[in-house]
$ cat data.cif   # mmCIF, C-alpha atoms, pLDDT in the B column; chains and numbers go by the auth columns
data_input
loop_
_atom_site.group_PDB
_atom_site.id
_atom_site.type_symbol
_atom_site.label_atom_id
_atom_site.label_comp_id
_atom_site.label_asym_id
_atom_site.label_seq_id
_atom_site.Cartn_x
_atom_site.Cartn_y
_atom_site.Cartn_z
_atom_site.B_iso_or_equiv
_atom_site.auth_seq_id
_atom_site.auth_asym_id
ATOM 1 C CA ALA A 1 21.924 6.452 48.359 67.00 953 A
ATOM 2 C CA GLN A 2 25.460 5.499 47.506 79.00 954 A
ATOM 3 C CA THR A 3 28.139 6.173 50.082 91.00 955 A
ATOM 4 C CA VAL A 4 31.901 5.974 49.762 96.00 956 A
ATOM 5 C CA THR A 5 34.140 5.401 52.771 97.00 957 A
ATOM 6 C CA GLN A 6 37.858 6.007 52.990 97.00 958 A
ATOM 7 C CA SER A 7 38.924 4.880 56.442 95.00 959 A
ATOM 8 C CA GLN A 8 42.482 6.221 56.329 96.00 960 A
ATOM 9 C CA PRO A 9 42.538 10.011 56.734 96.00 961 A
ATOM 10 C CA GLU A 10 46.323 10.148 56.443 97.00 962 A
ATOM 11 C CA MET A 11 49.072 7.831 55.289 97.00 963 A
ATOM 12 C CA SER A 12 52.763 8.120 54.626 97.00 964 A
ATOM 13 C CA VAL A 13 55.220 6.036 52.644 98.00 965 A
ATOM 14 C CA GLN A 14 58.913 6.130 51.909 98.00 966 A
ATOM 15 C CA GLU A 15 60.002 7.019 48.420 97.00 967 A
ATOM 16 C CA ALA A 16 60.237 3.915 46.183 97.00 968 A
ATOM 17 C CA GLU A 17 58.050 1.864 48.516 98.00 969 A
ATOM 18 C CA THR A 18 54.531 0.558 47.847 98.00 970 A
ATOM 19 C CA VAL A 19 51.390 1.848 49.542 98.00 971 A
ATOM 20 C CA THR A 20 47.743 0.786 49.412 98.00 972 A
ATOM 21 C CA LEU A 21 44.835 3.144 49.988 98.00 973 A
ATOM 22 C CA SER A 22 41.507 1.651 51.028 98.00 974 A
ATOM 23 C CA CYS A 23 38.017 2.443 49.817 98.00 975 A
ATOM 24 C CA THR A 24 34.679 0.780 50.413 97.00 976 A
ATOM 25 C CA TYR A 25 31.324 1.756 49.005 96.00 977 A
ATOM 26 C CA ASP A 26 27.705 0.938 49.473 95.00 978 A
ATOM 27 C CA THR A 27 25.281 0.528 46.592 92.00 979 A
ATOM 28 C CA SER A 28 22.408 -1.633 45.461 90.00 980 A
ATOM 29 C CA GLU A 29 23.293 -1.044 41.811 88.00 981 A
ATOM 30 C CA ASN A 30 24.942 -3.711 39.702 88.00 982 A
ATOM 31 C CA ASN A 31 26.488 -1.471 37.065 89.00 983 A
ATOM 32 C CA TYR A 32 28.637 1.474 38.014 92.00 984 A
ATOM 33 C CA TYR A 33 32.036 3.109 37.714 93.00 985 A
ATOM 34 C CA LEU A 34 34.690 3.591 40.366 96.00 986 A
ATOM 35 C CA PHE A 35 37.475 6.128 40.210 96.00 987 A
ATOM 36 C CA TRP A 36 40.522 7.287 42.074 97.00 988 A
ATOM 37 C CA TYR A 37 41.330 10.969 41.790 97.00 989 A
ATOM 38 C CA LYS A 38 44.431 12.755 43.016 97.00 990 A
ATOM 39 C CA GLN A 39 44.461 16.355 44.252 95.00 991 A
ATOM 40 C CA PRO A 40 48.012 17.651 44.808 92.00 992 A
ATOM 41 C CA PRO A 41 48.434 20.579 47.212 86.00 993 A
ATOM 42 C CA SER A 42 46.915 23.720 45.679 77.00 994 A
ATOM 43 C CA ARG A 43 46.542 22.006 42.343 81.00 995 A
ATOM 44 C CA GLN A 44 43.630 20.613 40.446 88.00 996 A
ATOM 45 C CA MET A 45 42.023 17.199 40.648 93.00 997 A
ATOM 46 C CA ILE A 46 43.489 14.612 38.305 94.00 998 A
ATOM 47 C CA LEU A 47 42.000 11.265 37.321 94.00 999 A
ATOM 48 C CA VAL A 48 44.332 8.450 38.376 96.00 1000 A
ATOM 49 C CA ILE A 49 42.446 5.336 37.372 96.00 1001 A
ATOM 50 C CA ARG A 50 38.958 4.080 36.593 94.00 1002 A
ATOM 51 C CA GLN A 51 37.206 0.719 36.881 95.00 1003 A
ATOM 52 C CA GLU A 52 33.939 -0.422 35.346 92.00 1004 A
ATOM 53 C CA ALA A 53 32.029 -2.707 37.686 92.00 1005 A
ATOM 54 C CA TYR A 54 31.217 -5.223 34.946 90.00 1006 A
ATOM 55 C CA LYS A 55 34.913 -5.825 34.286 90.00 1007 A
ATOM 56 C CA GLN A 56 36.488 -8.508 36.448 86.00 1008 A
ATOM 57 C CA GLN A 57 40.012 -7.550 35.505 93.00 1009 A
ATOM 58 C CA ASN A 58 41.595 -4.976 37.791 95.00 1010 A
ATOM 59 C CA ALA A 59 42.553 -1.701 36.122 94.00 1011 A
ATOM 60 C CA THR A 60 46.205 -0.710 35.890 95.00 1012 A
ATOM 61 C CA GLU A 61 47.857 2.553 34.881 94.00 1013 A
ATOM 62 C CA ASN A 62 51.646 2.424 35.072 96.00 1014 A
ATOM 63 C CA ARG A 63 52.548 2.451 38.801 97.00 1015 A
ATOM 64 C CA PHE A 64 48.878 2.614 39.854 98.00 1016 A
ATOM 65 C CA SER A 65 46.661 -0.438 40.127 97.00 1017 A
ATOM 66 C CA VAL A 66 43.440 -1.304 41.865 97.00 1018 A
ATOM 67 C CA ASN A 67 42.115 -4.303 43.732 97.00 1019 A
ATOM 68 C CA PHE A 68 38.411 -4.379 42.902 97.00 1020 A
ATOM 69 C CA GLN A 69 36.358 -6.785 44.990 96.00 1021 A
ATOM 70 C CA LYS A 70 32.779 -6.342 43.818 95.00 1022 A
ATOM 71 C CA ALA A 71 31.150 -8.710 46.314 94.00 1023 A
ATOM 72 C CA ALA A 72 32.935 -7.031 49.198 95.00 1024 A
ATOM 73 C CA LYS A 73 32.315 -3.567 47.684 96.00 1025 A
ATOM 74 C CA SER A 74 35.958 -2.749 48.075 97.00 1026 A
ATOM 75 C CA PHE A 75 38.152 -0.721 45.722 97.00 1027 A
ATOM 76 C CA SER A 76 41.708 -0.180 46.946 98.00 1028 A
ATOM 77 C CA LEU A 77 44.471 1.707 45.143 98.00 1029 A
ATOM 78 C CA LYS A 78 48.037 0.429 45.110 98.00 1030 A
ATOM 79 C CA ILE A 79 50.858 2.819 44.282 98.00 1031 A
ATOM 80 C CA SER A 80 54.125 1.097 43.474 98.00 1032 A
ATOM 81 C CA ASP A 81 57.569 2.736 43.498 98.00 1033 A
ATOM 82 C CA SER A 82 56.156 5.824 45.235 98.00 1034 A
ATOM 83 C CA GLN A 83 57.529 9.148 44.088 97.00 1035 A
ATOM 84 C CA LEU A 84 57.628 12.529 45.828 96.00 1036 A
ATOM 85 C CA GLY A 85 55.178 13.824 43.233 95.00 1037 A
ATOM 86 C CA ASP A 86 52.605 11.311 44.459 97.00 1038 A
ATOM 87 C CA THR A 87 52.115 13.424 47.593 97.00 1039 A
ATOM 88 C CA ALA A 88 48.469 14.498 47.408 97.00 1040 A
ATOM 89 C CA MET A 89 44.948 13.940 48.629 96.00 1041 A
ATOM 90 C CA TYR A 90 43.473 10.833 47.043 98.00 1042 A
ATOM 91 C CA PHE A 91 39.737 10.556 46.579 97.00 1043 A
ATOM 92 C CA CYS A 92 37.797 7.434 45.814 97.00 1044 A
ATOM 93 C CA ALA A 93 34.621 8.101 43.819 96.00 1045 A
ATOM 94 C CA PHE A 94 31.519 6.169 42.742 95.00 1046 A
ATOM 95 C CA MET A 95 29.312 6.872 39.738 92.00 1047 A
ATOM 96 C CA ASN A 96 26.128 5.116 38.688 85.00 1048 A
ATOM 97 C CA TRP A 97 25.998 3.580 35.231 78.00 1049 A
ATOM 98 C CA ASN A 98 23.194 5.895 34.139 77.00 1050 A
ATOM 99 C CA ASN A 99 23.942 9.016 36.123 75.00 1051 A
ATOM 100 C CA ASN A 100 26.782 11.536 36.142 73.00 1052 A
ATOM 101 C CA ASP A 101 26.286 12.210 39.857 79.00 1053 A
ATOM 102 C CA MET A 102 29.678 11.284 41.317 87.00 1054 A
ATOM 103 C CA ARG A 103 29.969 10.554 45.035 92.00 1055 A
ATOM 104 C CA PHE A 104 33.323 11.017 46.724 95.00 1056 A
ATOM 105 C CA GLY A 105 34.923 9.612 49.831 96.00 1057 A
ATOM 106 C CA ALA A 106 36.412 11.935 52.425 95.00 1058 A
ATOM 107 C CA GLY A 107 39.895 11.459 50.999 96.00 1059 A
ATOM 108 C CA THR A 108 43.237 10.104 52.179 97.00 1060 A
ATOM 109 C CA ARG A 109 46.160 12.486 52.532 97.00 1061 A
ATOM 110 C CA LEU A 110 49.242 10.658 51.293 98.00 1062 A
ATOM 111 C CA THR A 111 52.726 11.935 52.037 97.00 1063 A
ATOM 112 C CA VAL A 112 55.718 10.421 50.274 97.00 1064 A
ATOM 113 C CA LYS A 113 58.863 10.888 52.326 97.00 1065 A
ATOM 114 C CA PRO A 114 62.368 11.107 50.830 95.00 1066 A
ATOM 115 C CA LYS B 1 43.133 20.180 23.872 70.00 692 B
ATOM 116 C CA ALA B 2 42.809 22.881 26.457 82.00 693 B
ATOM 117 C CA GLY B 3 41.590 21.692 29.839 93.00 694 B
ATOM 118 C CA VAL B 4 38.622 22.843 31.856 96.00 695 B
ATOM 119 C CA THR B 5 38.884 26.500 32.769 96.00 696 B
ATOM 120 C CA GLN B 6 37.144 28.322 35.576 97.00 697 B
ATOM 121 C CA THR B 7 36.839 32.019 36.234 97.00 698 B
ATOM 122 C CA PRO B 8 37.449 33.777 38.454 97.00 699 B
ATOM 123 C CA ARG B 9 39.993 31.762 40.427 96.00 700 B
ATOM 124 C CA TYR B 10 39.456 33.694 43.639 96.00 701 B
ATOM 125 C CA LEU B 11 36.527 35.695 44.882 96.00 702 B
ATOM 126 C CA ILE B 12 35.670 37.511 48.093 98.00 703 B
ATOM 127 C CA LYS B 13 32.059 38.432 48.737 98.00 704 B
ATOM 128 C CA THR B 14 30.009 39.737 51.609 98.00 705 B
ATOM 129 C CA ARG B 15 27.134 37.891 53.281 98.00 706 B
ATOM 130 C CA GLY B 16 23.860 38.550 51.468 97.00 707 B
ATOM 131 C CA GLN B 17 25.454 39.235 48.091 98.00 708 B
ATOM 132 C CA GLN B 18 25.193 36.979 45.076 98.00 709 B
ATOM 133 C CA VAL B 19 27.940 35.506 42.945 98.00 710 B
ATOM 134 C CA THR B 20 28.291 33.958 39.502 98.00 711 B
ATOM 135 C CA LEU B 21 31.038 31.485 38.642 98.00 712 B
ATOM 136 C CA SER B 22 31.938 30.417 35.139 98.00 713 B
ATOM 137 C CA CYS B 23 33.212 27.176 33.673 98.00 714 B
ATOM 138 C CA SER B 24 34.387 26.367 30.148 98.00 715 B
ATOM 139 C CA PRO B 25 34.568 22.629 29.478 96.00 716 B
ATOM 140 C CA ILE B 26 37.039 20.753 27.349 95.00 717 B
ATOM 141 C CA SER B 27 36.256 21.278 23.679 95.00 718 B
ATOM 142 C CA GLY B 28 33.677 18.748 22.548 93.00 719 B
ATOM 143 C CA HIS B 29 32.484 17.929 26.047 93.00 720 B
ATOM 144 C CA ARG B 30 28.791 18.486 26.512 93.00 721 B
ATOM 145 C CA SER B 31 28.329 17.621 30.195 93.00 722 B
ATOM 146 C CA VAL B 32 29.350 19.979 32.971 95.00 723 B
ATOM 147 C CA SER B 33 29.088 19.116 36.651 94.00 724 B
ATOM 148 C CA TRP B 34 29.624 21.352 39.655 96.00 725 B
ATOM 149 C CA TYR B 35 30.949 20.356 43.068 96.00 726 B
ATOM 150 C CA GLN B 36 31.467 22.151 46.345 97.00 727 B
ATOM 151 C CA GLN B 37 34.571 21.250 48.340 95.00 728 B
ATOM 152 C CA THR B 38 34.899 22.205 52.000 95.00 729 B
ATOM 153 C CA PRO B 39 37.125 20.837 54.787 90.00 730 B
ATOM 154 C CA GLY B 40 34.091 19.783 56.804 88.00 731 B
ATOM 155 C CA GLN B 41 31.794 18.294 54.167 90.00 732 B
ATOM 156 C CA GLY B 42 34.347 17.200 51.588 91.00 733 B
ATOM 157 C CA LEU B 43 33.311 17.057 47.949 93.00 734 B
ATOM 158 C CA GLN B 44 29.600 17.373 47.337 94.00 735 B
ATOM 159 C CA PHE B 45 27.770 17.217 44.037 93.00 736 B
ATOM 160 C CA LEU B 46 25.750 20.317 43.194 95.00 737 B
ATOM 161 C CA PHE B 47 24.302 19.673 39.728 93.00 738 B
ATOM 162 C CA GLU B 48 25.033 18.523 36.220 93.00 739 B
ATOM 163 C CA TYR B 49 24.102 20.109 32.924 94.00 740 B
ATOM 164 C CA PHE B 50 23.954 18.413 29.567 92.00 741 B
ATOM 165 C CA SER B 51 22.815 20.052 26.343 91.00 742 B
ATOM 166 C CA GLU B 52 21.623 23.146 28.213 94.00 743 B
ATOM 167 C CA THR B 53 19.398 21.109 30.540 93.00 744 B
ATOM 168 C CA GLN B 54 19.910 20.254 34.175 93.00 745 B
ATOM 169 C CA ARG B 55 20.167 16.488 34.156 89.00 746 B
ATOM 170 C CA ASN B 56 21.024 15.793 37.797 88.00 747 B
ATOM 171 C CA LYS B 57 20.826 17.743 41.017 91.00 748 B
ATOM 172 C CA GLY B 58 22.413 17.287 44.422 91.00 749 B
ATOM 173 C CA ASN B 59 20.988 18.154 47.793 92.00 750 B
ATOM 174 C CA PHE B 60 21.597 21.898 47.940 95.00 751 B
ATOM 175 C CA PRO B 61 19.135 24.730 48.634 96.00 752 B
ATOM 176 C CA GLY B 62 17.524 26.691 45.835 95.00 753 B
ATOM 177 C CA ARG B 63 20.006 29.538 46.382 97.00 754 B
ATOM 178 C CA PHE B 64 22.373 27.453 44.264 98.00 755 B
ATOM 179 C CA SER B 65 21.467 27.460 40.606 97.00 756 B
ATOM 180 C CA GLY B 66 23.145 27.031 37.290 97.00 757 B
ATOM 181 C CA ARG B 67 22.739 27.102 33.579 97.00 758 B
ATOM 182 C CA GLN B 68 24.479 25.942 30.462 97.00 759 B
ATOM 183 C CA PHE B 69 24.828 27.730 27.170 97.00 760 B
ATOM 184 C CA SER B 70 24.703 26.355 23.647 96.00 761 B
ATOM 185 C CA ASN B 71 28.522 26.265 23.510 95.00 762 B
ATOM 186 C CA SER B 72 28.482 24.050 26.659 95.00 763 B
ATOM 187 C CA ARG B 73 29.940 26.758 28.870 97.00 764 B
ATOM 188 C CA SER B 74 28.247 26.773 32.250 98.00 765 B
ATOM 189 C CA GLU B 75 27.636 29.267 34.989 98.00 766 B
ATOM 190 C CA MET B 76 26.770 28.685 38.600 98.00 767 B
ATOM 191 C CA ASN B 77 25.010 31.285 40.702 98.00 768 B
ATOM 192 C CA VAL B 78 24.697 31.508 44.454 98.00 769 B
ATOM 193 C CA SER B 79 22.278 34.083 45.828 96.00 770 B
ATOM 194 C CA THR B 80 22.021 35.513 49.341 97.00 771 B
ATOM 195 C CA LEU B 81 25.479 34.274 50.285 98.00 772 B
ATOM 196 C CA GLU B 82 26.057 32.786 53.711 97.00 773 B
ATOM 197 C CA LEU B 83 29.341 32.332 55.569 97.00 774 B
ATOM 198 C CA GLY B 84 28.974 28.566 55.089 96.00 775 B
ATOM 199 C CA ASP B 85 29.117 29.001 51.332 97.00 776 B
ATOM 200 C CA SER B 86 32.840 29.672 51.591 97.00 777 B
ATOM 201 C CA ALA B 87 34.382 26.816 49.641 97.00 778 B
ATOM 202 C CA LEU B 88 36.286 25.692 46.603 96.00 779 B
ATOM 203 C CA TYR B 89 33.822 25.282 43.742 97.00 780 B
ATOM 204 C CA LEU B 90 34.950 22.748 41.196 97.00 781 B
ATOM 205 C CA CYS B 91 33.649 22.301 37.711 96.00 782 B
ATOM 206 C CA ALA B 92 34.155 19.073 35.793 95.00 783 B
ATOM 207 C CA SER B 93 33.383 18.161 32.215 94.00 784 B
ATOM 208 C CA SER B 94 32.813 14.895 30.410 91.00 785 B
ATOM 209 C CA PRO B 95 31.871 14.011 26.851 88.00 786 B
ATOM 210 C CA GLY B 96 28.202 13.578 27.783 76.00 787 B
ATOM 211 C CA GLY B 97 26.049 10.848 26.347 71.00 788 B
ATOM 212 C CA ARG B 98 26.945 8.075 28.759 73.00 789 B
ATOM 213 C CA PRO B 99 28.441 8.708 32.210 72.00 790 B
ATOM 214 C CA SER B 100 32.211 8.523 32.181 79.00 791 B
ATOM 215 C CA GLU B 101 35.219 9.955 33.959 85.00 792 B
ATOM 216 C CA GLN B 102 35.108 13.662 34.587 91.00 793 B
ATOM 217 C CA TYR B 103 37.904 16.154 34.063 93.00 794 B
ATOM 218 C CA PHE B 104 38.196 18.876 36.636 95.00 795 B
ATOM 219 C CA GLY B 105 39.066 22.532 36.416 96.00 796 B
ATOM 220 C CA PRO B 106 41.285 24.339 38.938 95.00 797 B
ATOM 221 C CA GLY B 107 38.305 25.604 40.910 96.00 798 B
ATOM 222 C CA THR B 108 37.091 28.959 42.155 97.00 799 B
ATOM 223 C CA ARG B 109 37.943 29.756 45.752 96.00 800 B
ATOM 224 C CA LEU B 110 34.979 31.697 47.203 98.00 801 B
ATOM 225 C CA THR B 111 35.338 33.435 50.538 98.00 802 B
ATOM 226 C CA VAL B 112 32.254 34.947 52.153 98.00 803 B
ATOM 227 C CA THR B 113 32.872 37.519 54.877 97.00 804 B
#
$ encode --input "data.cif" --output "structure tokens"
Amino acid sequence: AQTVTQSQPEMSVQEAETVTLSCTYDTSENNYYLFWYKQPPSRQMILVIRQEAYKQQNATENRFSVNFQKAAKSFSLKISDSQLGDTAMYFCAFMNWNNNDMRFGAGTRLTVKP
Amino acid sequence: KAGVTQTPRYLIKTRGQQVTLSCSPISGHRSVSWYQQTPGQGLQFLFEYFSETQRNKGNFPGRFSGRQFSNSRSEMNVSTLELGDSALYLCASSPGGRPSEQYFGPGTRLTVT
């Protein structure tokens, strides 16, 4: 079974600074998807970024980028120029290539301080 | 396009009762997945429906069931409620066909007393 581990329960960063959230996963599959989702306080889950395992190039979405290390089974999220609105729970998620069963990590609570 | 909608948003039930939650996916999406979110267990996959058929199932007891209608709307039912069923129940939709990113609704907050 696939497992997703987020080793940082809580993190904080100053506004405008850069922060990196860690995620590791365990799988025997070769093809899969990885995602980062954001869940602001009392608001719904939003997709931040996605990465297909077959793509070597790291995904980027504006201020959000990932460092995907397939051999190490590592998938970290970098947030540049942090904004107050980035305060949220961030979940790393794994999905098999042929299965919509998404497995989530325990989440990292990120606080952006003014 | 309208996002994923879930009704009701909040629900209070008594132990032993049953409850039905509803989810309307994004227009054109044919896959609906359900998740349970609790502080202790985090986000756990319940099941996924595609074209009115359960395509995947998580590790939950048979008290948790679901169905999907021809318009892709989905319902989830929990029978014989237990205190531990108190949670945020999230529904997510995706186009279907091949696995892809899922779009989440706001959730239904269920409290069992």
$ residues_around --input "data.cif" --residues "Leu801 in chain B" --least-positions-apart "5" --cutoff "7 Å" --atoms "only C-alpha atoms" --output "number ranges by chain"
B: 701-703, 777-779
$ interface_residues --input "data.cif" --of "chain A" --to "chain B" --cutoff "10 Å" --atoms "all atoms listed in the file" --output "PyMOL selection string"
chain A and resi 984-987+989+994-999+1001-1004+1043+1045+1047-1059
$ closest_residue --input "data.cif" --among "B:Ser765, B:Ser770, B:Thr729, B:Thr804" --to "Gln708 in chain B" --atoms "only C-alpha atoms"
B:Ser770
$ closest_residue --input "data.cif" --among "A:Phe1016, A:Arg1061, A:Gln1008, A:Trp988" --to "Pro961 in chain A" --atoms "all atoms listed in the file"
A:Arg1061
$ resolve_selection --input "data.cif" --expression "the PyMOL selection byres ((chain B and resi 697) around 8)" --output "NGL selection string"
:B and (695-696 or 698-700 or 712-715 or 782 or 796-799)
$ atom_distance --input "data.cif" --atom1 "CA of Phe751 in chain B" --atom2 "CA of Thr1060 in chain A"
25.0 Å
$ residues_near_point --input "data.cif" --point "(55.2, 13.5, 43.9)" --cutoff "12 Å" --atoms "all atoms listed in the file" --output "PyMOL selection string"
chain A and resi 965-968+990-993+1031+1033-1041+1062-1066
$ resolve_selection --input "data.cif" --expression "the PyMOL selection byres ((chain B and resi 758-761) around 9)" --output "compact mmCIF listing (two decimals) with C-alpha atoms, in the coordinates of the input"
# COMPACT_ATOMS: atom_id res chain seq x y z
CA VAL B 723 29.35 19.98 32.97
CA TYR B 740 24.10 20.11 32.92
CA PHE B 741 23.95 18.41 29.57
CA SER B 742 22.82 20.05 26.34
CA GLU B 743 21.62 23.15 28.21
CA THR B 744 19.40 21.11 30.54
CA GLN B 745 19.91 20.25 34.17
CA SER B 756 21.47 27.46 40.61
CA GLY B 757 23.14 27.03 37.29
CA ASN B 762 28.52 26.26 23.51
CA SER B 763 28.48 24.05 26.66
CA ARG B 764 29.94 26.76 28.87
CA SER B 765 28.25 26.77 32.25
CA GLU B 766 27.64 29.27 34.99
CA MET B 767 26.77 28.68 38.60
CA ASN B 768 25.01 31.28 40.70
$ atom_distance --input "data.cif" --atom1 "CA of Lys1030 in chain A" --atom2 "CA of Thr1012 in chain A"
9.5 Å
$ atom_distance --input "data.cif" --atom1 "CA of Ala693 in chain B" --atom2 "CA of Ser718 in chain B"
7.3 Å
